[in-house]
Structure formats: structure tokens, C-alpha cells
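As provided, coords-v3.cif (mmCIF, C-alpha atoms) reads as follows.
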```cif
data_structure
#
loop_
_atom_site.label_atom_id
_atom_site.label_comp_id
_atom_site.auth_asym_id
_atom_site.auth_seq_id
_atom_site.Cartn_x
_atom_site.Cartn_y
_atom_site.Cartn_z
CA MET A 1015 17.08 6.09 -6.15
CA ILE A 1016 15.58 5.68 -9.60
CA PRO A 1017 13.17 8.36 -10.89
CA LEU A 1018 9.76 6.90 -11.65
CA ALA A 1019 8.27 7.47 -15.09
CA TYR A 1020 4.93 9.25 -15.62
CA VAL A 1021 2.19 8.07 -17.96
CA SER A 1022 2.49 11.37 -19.81
CA VAL A 1023 4.56 14.47 -19.11
CA PRO A 1024 5.02 15.40 -15.45
CA PRO A 1025 2.09 17.39 -14.00
CA VAL A 1026 2.28 21.17 -14.01
CA CYS A 1027 -0.07 21.98 -11.12
CA THR A 1028 1.24 22.26 -7.56
CA ALA A 1029 -0.63 21.70 -4.31
CA ALA A 1030 -0.12 21.07 -0.59
CA ILE A 1031 -1.36 17.91 1.14
CA LYS A 1032 -1.67 16.85 4.80
CA GLN A 1033 -1.64 20.38 6.13
CA SER A 1034 -4.07 19.04 8.72
CA PRO A 1035 -4.85 15.40 9.64
CA GLU A 1036 -8.42 16.00 8.43
CA ASP A 1037 -7.04 16.75 4.94
CA PHE A 1038 -6.16 13.06 4.55
CA CYS A 1039 -8.92 10.68 5.62
CA VAL A 1040 -8.82 6.92 4.99
CA ASP A 1041 -11.40 4.25 5.79
CA GLU A 1042 -10.38 0.60 5.61
CA ILE A 1043 -13.01 -1.62 3.99
CA LEU A 1044 -12.69 -5.08 5.51
CA GLY A 1045 -14.80 -6.87 2.91
CA PHE A 1046 -16.28 -9.45 5.29
CA ASP A 1047 -18.35 -9.49 8.47
CA PRO A 1048 -16.97 -10.51 11.89
CA ASP A 1049 -17.87 -14.05 12.96
CA GLY A 1050 -19.56 -12.80 16.14
CA GLU A 1051 -17.80 -15.42 18.24
CA GLY A 1052 -14.30 -16.73 18.93
CA ASP A 1053 -11.20 -15.95 20.99
CA HIS A 1054 -10.25 -12.87 19.00
CA VAL A 1055 -11.78 -9.43 19.48
CA LEU A 1056 -12.16 -7.49 16.24
CA LEU A 1057 -11.75 -3.75 16.81
CA HIS A 1058 -12.62 -1.09 14.25
CA ILE A 1059 -10.57 1.91 15.38
CA GLN A 1060 -10.32 5.46 14.13
CA LYS A 1061 -6.96 7.08 14.87
CA ARG A 1062 -5.61 10.59 14.48
CA ASN A 1063 -1.90 11.51 14.23
CA LEU A 1064 -0.88 7.95 15.09
CA ASN A 1065 0.55 5.14 13.00
CA THR A 1066 -0.52 1.50 13.04
CA GLN A 1067 2.31 0.33 15.30
CA ASP A 1068 1.34 2.99 17.89
CA ILE A 1069 -2.09 1.37 18.13
CA VAL A 1070 -0.62 -2.14 18.30
CA ASP A 1071 1.61 -1.10 21.21
CA THR A 1072 -1.32 0.54 22.99
CA LEU A 1073 -3.55 -2.53 22.61
CA CYS A 1074 -0.77 -4.80 23.88
CA ARG A 1075 -0.34 -2.75 27.04
CA PHE A 1076 -4.04 -2.28 27.68
CA ALA A 1077 -5.04 -5.93 27.11
CA ASP A 1078 -1.80 -7.36 28.60
CA VAL A 1079 -1.03 -9.41 25.48
CA LYS A 1080 2.08 -9.92 23.38
CA ASN A 1081 2.73 -8.16 20.08
CA VAL A 1082 2.13 -11.39 18.19
CA ASP A 1083 -1.42 -11.54 19.64
CA VAL A 1084 -2.46 -8.36 17.80
CA GLY A 1085 -3.30 -8.59 14.12
CA TYR A 1086 -4.08 -6.01 11.45
CA SER A 1087 -4.56 -6.03 7.72
CA GLY A 1088 -2.80 -2.89 6.51
CA LEU A 1089 -0.54 -0.03 7.54
CA LYS A 1090 -2.08 3.44 7.72
CA ASP A 1091 -0.57 6.92 7.64
CA ARG A 1092 0.25 8.79 10.85
CA HIS A 1093 -0.45 12.35 9.67
CA ALA A 1094 -4.08 11.61 8.88
CA VAL A 1095 -7.45 10.56 10.24
CA THR A 1096 -7.80 6.88 9.43
CA SER A 1097 -9.96 3.95 10.41
CA GLN A 1098 -8.72 0.38 10.36
CA TRP A 1099 -9.38 -3.04 11.86
CA PHE A 1100 -7.33 -4.84 14.52
CA SER A 1101 -7.72 -8.25 16.13
CA VAL A 1102 -6.63 -9.09 19.67
CA ASN A 1103 -6.24 -12.71 20.81
CA LEU A 1104 -7.77 -12.95 24.29
CA THR A 1105 -7.53 -16.72 24.74
CA GLY A 1106 -7.63 -17.40 28.49
CA LYS A 1107 -7.93 -13.70 29.33
CA ILE A 1108 -10.72 -11.44 30.56
CA GLU A 1109 -11.73 -8.87 27.99
CA PRO A 1110 -10.88 -5.31 29.10
CA ASP A 1111 -13.29 -2.40 28.90
CA TRP A 1112 -12.24 -0.92 25.57
CA LEU A 1113 -14.32 2.19 26.17
CA LEU A 1114 -11.75 3.29 28.74
CA LEU A 1115 -9.49 4.02 25.77
CA ASP A 1116 -12.19 5.54 23.58
CA GLY A 1117 -11.54 9.20 22.79
CA SER A 1118 -8.37 9.22 24.85
CA SER A 1119 -5.38 11.37 23.99
CA MET A 1120 -2.20 9.49 23.24
CA SER A 1121 1.48 10.21 23.71
CA CYS A 1122 3.62 7.72 21.80
CA SER A 1123 7.39 7.83 21.87
CA SER A 1124 7.61 6.97 18.15
CA ALA A 1125 5.80 10.15 17.11
CA ASP A 1126 7.73 13.30 16.23
CA SER A 1127 7.14 16.46 18.25
CA SER A 1128 5.09 18.11 15.50
CA SER A 1129 2.41 15.40 15.63
CA ILE A 1130 2.16 14.69 19.37
CA GLU A 1131 -0.60 17.26 19.86
CA ASN A 1132 -4.17 16.06 19.27
CA GLN A 1133 -3.41 12.35 19.00
CA SER A 1134 -6.44 10.21 19.78
CA ILE A 1135 -8.25 6.95 19.10
CA ARG A 1136 -11.95 6.09 18.86
CA PHE A 1137 -13.58 2.67 18.91
CA LEU A 1138 -16.11 2.41 16.07
CA THR A 1139 -17.01 -1.28 16.42
CA VAL A 1140 -16.14 -4.09 18.85
CA SER A 1141 -17.03 -7.69 17.98
CA ARG A 1142 -15.78 -11.25 18.28
CA HIS A 1143 -13.96 -13.20 15.58
CA LYS A 1144 -12.52 -16.71 15.22
CA ARG A 1145 -9.27 -15.82 13.46
CA LYS A 1146 -6.43 -13.35 13.72
CA LEU A 1147 -6.38 -10.63 11.07
CA LYS A 1148 -3.53 -11.11 8.62
CA ARG A 1149 -1.77 -8.59 6.40
CA GLY A 1150 -3.55 -7.84 3.14
CA THR A 1151 -6.88 -9.43 4.06
CA HIS A 1152 -8.94 -6.25 3.74
CA GLN A 1153 -10.66 -5.52 0.46
CA ALA A 1154 -10.05 -1.82 -0.18
CA ASN A 1155 -9.44 1.65 1.23
CA ARG A 1156 -11.72 4.66 0.74
CA PHE A 1157 -9.96 8.05 0.62
CA LYS A 1158 -11.17 11.60 1.11
CA LEU A 1159 -8.39 14.12 0.46
CA LEU A 1160 -8.10 17.88 0.37
CA LEU A 1161 -5.40 19.43 -1.82
CA ARG A 1162 -4.75 22.99 -0.72
CA ASN A 1163 -3.32 26.04 -2.51
CA LEU A 1164 -3.69 24.52 -5.96
CA GLU A 1165 -1.76 26.52 -8.56
CA GLY A 1166 -1.20 26.04 -12.27
CA ASP A 1167 -3.21 24.97 -15.29
CA LEU A 1168 -6.53 23.71 -13.91
CA ASP A 1169 -7.55 22.36 -17.32
CA ASP A 1170 -4.49 20.09 -17.15
CA ILE A 1171 -5.51 18.60 -13.83
CA ARG A 1172 -9.10 18.12 -15.05
CA GLN A 1173 -7.82 16.16 -18.05
CA ARG A 1174 -5.61 14.08 -15.78
CA LEU A 1175 -8.53 13.32 -13.47
CA GLN A 1176 -10.59 12.10 -16.40
CA ARG A 1177 -7.74 9.87 -17.61
CA VAL A 1178 -7.23 8.43 -14.11
CA GLN A 1179 -10.96 7.76 -13.85
CA THR A 1180 -10.89 5.82 -17.12
CA SER A 1181 -7.50 4.09 -17.11
CA GLY A 1182 -6.18 4.07 -13.55
CA VAL A 1183 -2.52 4.81 -12.75
CA PRO A 1184 0.75 2.85 -12.58
CA ASN A 1185 0.64 0.82 -9.37
CA TYR A 1186 3.86 2.17 -7.82
CA PHE A 1187 4.62 1.57 -4.17
CA GLY A 1188 4.35 4.97 -2.47
CA GLU A 1189 7.27 6.86 -0.99
CA GLN A 1190 6.13 6.07 2.57
CA ARG A 1191 7.11 2.46 1.88
CA PHE A 1192 10.75 3.49 1.78
CA GLY A 1193 10.95 5.69 4.88
CA ARG A 1194 12.05 9.29 5.17
CA ASN A 1195 14.93 9.98 2.77
CA PHE A 1196 14.78 6.28 1.78
CA SER A 1197 16.03 5.27 5.23
CA ASN A 1198 14.38 1.83 4.98
CA ILE A 1199 16.42 1.08 1.86
CA THR A 1200 19.62 2.24 3.57
CA GLN A 1201 18.94 0.06 6.61
CA ALA A 1202 17.98 -2.91 4.43
CA GLU A 1203 21.25 -2.63 2.55
CA LYS A 1204 23.21 -2.61 5.81
CA MET A 1205 21.20 -5.54 7.13
CA MET A 1206 21.79 -7.64 4.02
CA ARG A 1207 25.53 -6.94 4.08
CA GLY A 1208 25.78 -7.85 7.75
CA VAL A 1209 26.73 -4.35 8.84
CA ILE A 1210 23.84 -4.27 11.32
CA LYS A 1211 21.70 -6.88 13.03
CA VAL A 1212 17.99 -6.18 13.22
CA LYS A 1213 16.25 -8.01 16.07
CA SER A 1214 12.86 -6.36 15.67
CA ARG A 1215 10.64 -8.52 13.47
CA HIS A 1216 8.59 -5.46 12.52
CA LYS A 1217 11.62 -3.45 11.37
CA ARG A 1218 13.11 -6.41 9.54
CA SER A 1219 9.85 -6.84 7.64
CA LEU A 1220 9.78 -3.12 6.76
CA TYR A 1221 13.32 -3.21 5.41
CA LEU A 1222 12.80 -6.33 3.30
CA SER A 1223 9.51 -4.99 1.94
CA ALA A 1224 11.22 -1.74 0.97
CA ILE A 1225 13.82 -3.62 -1.08
CA ARG A 1226 11.20 -5.76 -2.82
CA SER A 1227 9.03 -2.72 -3.51
CA MET A 1228 11.95 -0.84 -5.04
CA LEU A 1229 12.62 -3.74 -7.42
CA PHE A 1230 8.96 -3.80 -8.45
CA ASN A 1231 8.94 -0.03 -9.04
CA SER A 1232 12.02 -0.37 -11.25
CA VAL A 1233 10.27 -2.87 -13.51
CA LEU A 1234 7.04 -0.87 -13.61
CA SER A 1235 8.81 2.40 -14.43
CA HIS A 1236 10.50 0.70 -17.38
CA ARG A 1237 7.14 -0.61 -18.62
CA VAL A 1238 5.63 2.88 -18.30
CA THR A 1239 8.50 4.27 -20.38
CA GLN A 1240 7.82 1.60 -23.01
CA GLU A 1241 4.09 2.48 -22.88
CA ASN A 1242 3.08 -1.15 -22.27
CA TRP A 1243 2.34 -1.06 -18.52
CA ASP A 1244 -1.36 -1.53 -19.30
CA LYS A 1245 -0.95 -3.95 -22.23
CA ALA A 1246 -0.32 -7.68 -22.34
CA ILE A 1247 3.02 -9.01 -23.54
CA ALA A 1248 3.25 -12.61 -24.68
CA GLY A 1249 4.66 -14.84 -21.94
CA GLU A 1250 3.99 -12.51 -19.02
CA LEU A 1251 1.96 -13.39 -15.95
CA LEU A 1252 -1.41 -11.65 -15.79
CA VAL A 1253 -3.12 -10.99 -12.45
CA LEU A 1254 -6.85 -11.56 -12.04
CA ASP A 1255 -8.45 -8.36 -10.73
CA GLY A 1256 -9.02 -8.31 -6.99
CA THR A 1257 -7.08 -11.53 -6.35
CA HIS A 1258 -3.55 -12.84 -5.86
CA SER A 1259 -4.04 -15.36 -8.68
CA TYR A 1260 -2.21 -15.12 -11.98
CA PHE A 1261 -1.72 -17.08 -15.20
CA GLN A 1262 0.69 -16.98 -18.13
CA TYR A 1263 -0.47 -15.23 -21.28
CA GLU A 1264 0.14 -17.09 -24.49
CA GLU A 1265 0.22 -15.12 -27.73
CA GLY A 1266 -2.84 -15.74 -29.86
CA ASP A 1267 -5.40 -15.41 -27.09
CA ASP A 1268 -7.42 -12.59 -28.66
CA SER A 1269 -9.65 -12.19 -25.60
CA ILE A 1270 -6.85 -10.90 -23.38
CA ASN A 1271 -6.75 -7.30 -24.60
CA GLU A 1272 -10.51 -7.05 -24.14
CA ARG A 1273 -10.21 -8.45 -20.61
CA ILE A 1274 -7.46 -5.94 -19.81
CA GLU A 1275 -9.51 -3.05 -21.17
CA CYS A 1276 -12.52 -3.96 -19.01
CA GLY A 1277 -10.31 -4.43 -15.93
CA ASP A 1278 -10.78 -8.19 -15.54
CA VAL A 1279 -7.01 -8.86 -15.66
CA HIS A 1280 -3.86 -6.74 -15.35
CA PRO A 1281 -0.22 -7.02 -16.49
CA SER A 1282 2.03 -7.74 -13.52
CA GLY A 1283 5.50 -7.19 -12.09
CA PRO A 1284 7.60 -9.29 -9.72
CA LEU A 1285 7.61 -9.31 -5.93
CA TRP A 1286 10.92 -11.10 -5.62
CA GLY A 1287 11.49 -14.17 -3.48
CA LYS A 1288 11.86 -17.95 -3.59
CA LEU A 1289 9.66 -19.86 -6.03
CA LYS A 1290 7.13 -22.26 -4.55
CA LYS A 1291 6.67 -25.64 -6.21
CA GLU A 1292 3.42 -24.68 -7.93
CA GLN A 1293 5.00 -21.49 -9.32
CA LYS A 1294 7.68 -23.41 -11.19
CA LYS A 1295 5.13 -24.56 -13.79
CA PHE A 1296 5.41 -21.23 -15.63
CA ASP A 1297 7.87 -20.72 -18.47
CA TYR A 1298 10.34 -18.23 -17.03
CA ASN A 1299 12.45 -18.55 -20.18
CA ALA A 1300 9.78 -16.77 -22.23
CA PRO A 1301 11.12 -13.64 -23.99
CA PHE A 1302 9.00 -11.45 -21.70
CA PHE A 1303 11.16 -12.33 -18.71
CA GLU A 1304 14.31 -11.10 -20.45
CA LEU A 1305 13.22 -7.57 -19.53
CA GLU A 1306 12.63 -8.35 -15.86
CA ASN A 1307 15.78 -10.44 -15.57
CA SER A 1308 17.91 -7.70 -17.13
CA ILE A 1309 16.67 -5.23 -14.51
CA MET A 1310 17.07 -7.72 -11.65
CA SER A 1311 20.63 -8.54 -12.71
CA GLY A 1312 21.66 -5.09 -11.51
CA TYR A 1313 20.30 -5.92 -8.05
CA LYS A 1314 21.52 -9.49 -7.72
CA HIS A 1315 22.57 -9.11 -4.08
CA TRP A 1316 19.12 -7.76 -3.19
CA CYS A 1317 17.37 -10.66 -4.94
CA GLU A 1318 19.58 -13.20 -3.21
CA GLY A 1319 19.03 -11.47 0.14
CA LEU A 1320 15.25 -11.66 -0.25
CA GLU A 1321 15.48 -15.36 -1.08
CA ARG A 1322 17.74 -16.05 1.91
CA ALA A 1323 15.25 -14.22 4.13
CA GLY A 1324 12.56 -16.68 3.02
CA LEU A 1325 10.27 -14.31 1.11
CA ILE A 1326 8.05 -16.10 -1.41
CA TYR A 1327 7.93 -14.96 -5.04
CA ASP A 1328 4.68 -13.29 -6.02
CA ARG A 1329 3.21 -10.95 -8.62
CA ARG A 1330 1.59 -7.51 -8.28
CA SER A 1331 -0.60 -5.72 -10.78
CA LEU A 1332 1.17 -3.00 -12.78
CA ARG A 1333 -2.09 -1.08 -13.00
CA LEU A 1334 -3.97 0.50 -10.09
CA PRO A 1335 -7.69 0.94 -10.81
CA VAL A 1336 -9.20 4.05 -9.20
CA SER A 1337 -12.91 3.55 -8.54
CA GLU A 1338 -15.65 5.88 -7.29
CA LEU A 1339 -13.50 8.88 -8.23
CA ALA A 1340 -15.20 12.22 -7.59
CA TRP A 1341 -13.78 15.72 -7.32
CA GLY A 1342 -14.73 19.31 -6.81
CA PHE A 1343 -13.02 22.66 -6.38
CA VAL A 1344 -13.46 24.33 -2.99
CA GLU A 1345 -12.89 28.08 -2.55
CA ASN A 1346 -11.22 28.19 -5.99
CA ASP A 1347 -7.75 27.01 -4.97
CA ASN A 1348 -8.55 23.81 -3.04
CA LEU A 1349 -9.40 20.47 -4.64
CA GLN A 1350 -11.50 17.86 -2.81
CA LEU A 1351 -10.93 14.27 -3.97
CA GLN A 1352 -12.74 11.04 -3.13
CA PHE A 1353 -11.84 7.61 -4.48
CA THR A 1354 -11.46 3.95 -3.55
CA LEU A 1355 -8.35 1.83 -4.09
CA PRO A 1356 -7.91 -1.93 -3.73
CA ALA A 1357 -5.79 -3.13 -0.82
CA GLY A 1358 -2.11 -2.38 -1.43
CA GLY A 1359 -2.75 0.75 -3.50
CA TYR A 1360 -1.32 4.13 -2.46
CA ALA A 1361 -3.21 7.41 -2.62
CA THR A 1362 0.07 9.26 -3.20
CA THR A 1363 0.57 7.13 -6.32
CA VAL A 1364 -2.68 8.59 -7.65
CA LEU A 1365 -1.74 12.13 -6.62
CA ARG A 1366 1.67 12.05 -8.36
CA GLU A 1367 -0.10 11.68 -11.72
CA LEU A 1368 -2.28 14.72 -10.97
CA CYS A 1369 0.02 17.35 -9.48
CA GLN A 1370 3.34 18.10 -7.85
CA TYR A 1371 2.51 18.00 -4.16
CA ASN A 1372 4.31 18.90 -0.97
CA GLN A 1373 3.35 17.97 2.57
CA MET A 1374 4.12 19.03 6.11
#
```
What does this structure look like when you write it as C-alpha cells?
Amino acid sequence: MIPLAYVSVPPVCTAAIKQSPEDFCVDEILGFDPDGEGDHVLLHIQKRNLNTQDIVDTLCRFADVKNVDVGYSGLKDRHAVTSQWFSVNLTGKIEPDWLLLDGSSMSCSSADSSSIENQSIRFLTVSRHKRKLKRGTHQANRFKLLLRNLEGDLDDIRQRLQRVQTSGVPNYFGEQRFGRNFSNITQAEKMMRGVIKVKSRHKRSLYLSAIRSMLFNSVLSHRVTQENWDKAIAGELLVLDGTHSYFQYEEGDDSINERIECGDVHPSGPLWGKLKKEQKKFDYNAPFFELENSIMSGYKHWCEGLERAGLIYDRRSLRLPVSELAWGFVENDNLQLQFTLPAGGYATTVLRELCQYNQM
């Protein structure tokens, strides 16, 4: 797979992450309050050494509902302590006693043997809601990370932290998107070529998302190399911060660079798919798109496969703002980090600009 470009030279410091689940803590910020009524139960759950699908499967069994009746906004790491929100549609059903699951140890067949020990879930909040949670509806994620055994030039990592605090980082999709050893890409390729049939809706979605994410990363890496990932190019589509809305930049609008600098708008890259009617109003023949089209031409079969699968074309910010960033050195060779990322941002994308890390 393609190597991803760095904003500057590759980092020189090394560190270890996720040596313990408590080293990688994530709290999902929903961004709105539960309705307090409705057929859906909104559950705020803290999990340890479990992935999101493990919790979905558990809720389905416990509440006697189908997989489609359980909603969530984002996927969360397994080897971590994370909190996230789930919705369960209980239309026509009696609500179970969720506290019977609270604090319970888990044993999920999808987990590898190294993580089975000390799996658990806790219920933080239980409330009613009128609608099912949908992917990407949460506002942000708050991270608290511990980097252990930090070695190298500490002045270098301090300078990088200051730059990240000011300018953010390239908004790459993290390696977990692609599966271990890029297995999701391999399976997606087989699926698109008809070598395998994938019946699981969840797995099919993972494979298609991996392909689309790889295409986006390819475009972003090229922009980083050209040093214009955080600058507006005439004709490109700019994303409004914190939204899925975008507009086409026309040369001569002198306010754009100021809006980019203050974080109001961001340059964007493609999430490939079929164009909706309202998206066809943009000028895709603008010189800016020559760059994207030249990269996509090398992956024509992927692009066509995404369109056949019914994915809708969209845009994603090339820049990932890192807010509320704070850090401190613990016992000399450990680094404690805290920061908040908008929904869809990856903590490992931030870490790759700071140090070379390894994990269990």
C-alpha cells in the first residue's frame, strides 16, 4: 500500500502505545441530549477490551432484538477503555434490566486470546430516545493517551506538539480502518472481482469503506507532498468546519485563506461514489480536479465498484483540527496526552506526526 507523506520529516522519537487498555481512553461526545421518551433506549456504555460489534451482539442477545434494531454512531477500538452511545429499538417489547449486564465480564468469540481477560462493560446512562442512532451523528471524541518508553529527541516532539496544536494534522484514515495487514483491502478486492461473496452487511460495509478510505488517503498524501493540504486551490470543494456541507472555491475570493487559517473552512478530498443530483452543480472540469482524477484513474475498478455498490459521493476535510491539546511528561520517559477530535478523526493519525509508535 502507498506510504503516507508527513507534514515535515518523519518523527525521530519512538514510543509504545496500548500496553494496557487504560493507556488508550476514549469518550464519545454525543453533542445532543436524549429526547427522554420514545421507542428507542439510548445507552451510554463504557467497554474494556471489546470492540463495538461485540457490544452490538451482546445487546441483541440480551434484549432479544435483531442486529438492525441496534444503532451506534461510531466504531471504537478494542484494546482500550472507551465509552460510546448505542440505541436499542424496543418497539412492542418489555425493556430488560440493563443493570444485570453492568460490570459483567464478557467472553466474545471475535476477540483474540490476548484480550479475552478483563473484558467488561459498564452502563453510564440509560434514557429514552425517539430515533435510532446513525453512523457519524456524534460530535467528537475526547482522548486520553499514555505513550510509554519514549526515546529520542524530546525537543523534537515538543516542537511537533506545538505545531499540531496550532495547525492540526493531515486527516488520514487510521490504519485500523484497513484491518490487520490491510486484510480489509484484500477482501474488498476479492469481493469486487467476484472471487468471494460477502453476505454479512457489516463486513461488506467495512470492506467498501476501506477501499474508499484508501483512495482518500492517496489524494491527501499527494497534497501533503505538494504542501497545499491546508491551502485552498481554485476550483476545489471546501468543507465547512464541523459539517458535511461544502462549496466550490472560485479564485479571487480573498476571504478564503483567512477563513482557512481560522479553521472556518478546510480543503477537502473525495469519498468516492455516485453523484447525487444536487452534487452535479459543481464544475468537475475545473483544473483542480485534474489532480484527483489522475490519481483515481489508477484505481478505476475500485471507483466503479464503489459506484455499483451504491455509495454516494461525498467530501472529507484534508485537515484534522486537534483541540484542547494538553501534554505532560510522566516519570521522564512516558508522555501523557489529552485532546479532542471531531467525529471521524483518528488518534493514531495525530500520533504518527509526533513519534514512531508500536503497540501490543
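Proximity to Leu1220 (chain A) was assessed for A:Lys1107, A:Arg1136, A:Arg1191, A:Lys1146 counting all atoms listed in the file; the smallest distance is recorded for A:Arg1191.
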Written as a PyMOL selection string, which residues does the PyMOL selection byres ((chain A and resi 1141) around 10) give for the file shown? chain A and resi 1047-1052+1054-1058+1101+1139-1140+1142-1143
Spatial neighbours of Phe1187 (chain A), 12 Å, only C-alpha atoms, chain gap at least 6 places, as number ranges by chain: A: 1018, 1193, 1223-1235, 1283, 1285, 1330-1334, 1357-1364, 1366
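Taken over the shown file, the PyMOL selection byres ((chain A and resi 1286-1298) around 7) identifies Arg1226, Gln1262, Pro1284, Leu1285, Asn1299, Ala1300, Phe1303, Cys1317, Leu1320, Glu1321, Gly1324, Leu1325, Ile1326, Tyr1327 and Asp1328 of chain A.
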Quick check on the file I pasted: which residues fall under the PyMOL selection byres ((chain A and resi 1211-1216) around 12)? Write them as JSON, numbers by chain. {"A": [1066, 1067, 1070, 1071, 1081, 1082, 1089, 1198, 1201, 1202, 1203, 1204, 1205, 1206, 1207, 1208, 1209, 1210, 1217, 1218, 1219, 1220, 1221, 1222, 1223, 1323]}
Box along x, y and z, 8 Å on every side, all listed atoms of region 1201-1205 of chain A inside: centre and edge lengths in Å to one decimal, as lines of an AutoDock Vina configuration file.
```
center_x = 20.6
center_y = -2.7
center_z = 4.8
size_x = 21.2
size_y = 21.6
size_z = 20.6
```
Shell of 12 Å around Asn1242 (chain A), all atoms listed in the file, local chain residues under 4 positions omitted, as a PyMOL selection string: chain A and resi 1021+1184+1233-1238+1246-1248+1250+1271+1274+1280-1282+1302+1332-1333
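Nearest to Gln1153 (chain A) of all the residues A:Phe1038, A:Tyr1260, A:Trp1099, A:Tyr1313 is A:Trp1099, counting only C-alpha atoms.
Among the candidates A:Leu1305, A:Gln1173, A:Ala1094, A:Asn1163, the one nearest to Ala1030 (chain A) when counting all atoms listed in the file is A:Asn1163.
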Excluding Asp1347 (chain A) and residues on its chain fewer than 2 positions from it, collect all residues at most 9 Å away from it, counting all atoms listed in the file, and give them as a ChimeraX atom specification. /A:1029,1161-1165,1343-1345,1349
Selection file, C-alpha atoms, as an mmCIF file, keeping the file's coordinate frame:
```cif
data_model
loop_
_atom_site.group_PDB
_atom_site.id
_atom_site.type_symbol
_atom_site.label_atom_id
_atom_site.label_comp_id
_atom_site.auth_asym_id
_atom_site.auth_seq_id
_atom_site.Cartn_x
_atom_site.Cartn_y
_atom_site.Cartn_z
ATOM 1 C CA ALA A 1029 -0.630 21.700 -4.310
ATOM 2 C CA LEU A 1161 -5.400 19.430 -1.820
ATOM 3 C CA ARG A 1162 -4.750 22.990 -0.720
ATOM 4 C CA ASN A 1163 -3.320 26.040 -2.510
ATOM 5 C CA LEU A 1164 -3.690 24.520 -5.960
ATOM 6 C CA GLU A 1165 -1.760 26.520 -8.560
ATOM 7 C CA PHE A 1343 -13.020 22.660 -6.380
ATOM 8 C CA VAL A 1344 -13.460 24.330 -2.990
ATOM 9 C CA GLU A 1345 -12.890 28.080 -2.550
ATOM 10 C CA LEU A 1349 -9.400 20.470 -4.640
#
```
Enter the distance from CA of Pro1301 (chain A) to CA of Glu1275 (chain A), in Å, rounded to one decimal. 23.4 Å
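Going from CA of Thr1180 (chain A) to CA of Gln1350 (chain A) covers 18.7 Å.
Straight-line separation from CA of Arg1329 (chain A) to CA of Arg1174 (chain A): 27.5 Å.
Distance cut-off 9 Å, centre (-9.6, -1.2, 4.4), atoms counted only C-alpha atoms; the residues meeting this are A:Val1040, A:Asp1041, A:Glu1042, A:Ile1043, A:Leu1044, A:Gly1045, A:Ser1087, A:Gly1088, A:Ser1097, A:Gln1098, A:Trp1099, A:Thr1151, A:His1152, A:Gln1153, A:Ala1154, A:Asn1155, A:Arg1156, A:Pro1356, A:Ala1357.
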Residues within 7 Å of region 1033-1035 of chain A, please, as a PyMOL selection string. Count all atoms listed in the file; anything in the same chain fewer than 6 positions from it doesn't count. chain A and resi 1062-1063+1093-1095+1373-1374
Write out, as a compact mmCIF listing (two decimals), in the coordinates of the input, the residues just selected, with C-alpha atoms.
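Saved as again11.txt:
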```
# COMPACT_ATOMS: atom_id res chain seq x y z
CA ARG A 1062 -5.61 10.59 14.48
CA ASN A 1063 -1.90 11.51 14.23
CA HIS A 1093 -0.45 12.35 9.67
CA ALA A 1094 -4.08 11.61 8.88
CA VAL A 1095 -7.45 10.56 10.24
CA GLN A 1373 3.35 17.97 2.57
CA MET A 1374 4.12 19.03 6.11
```
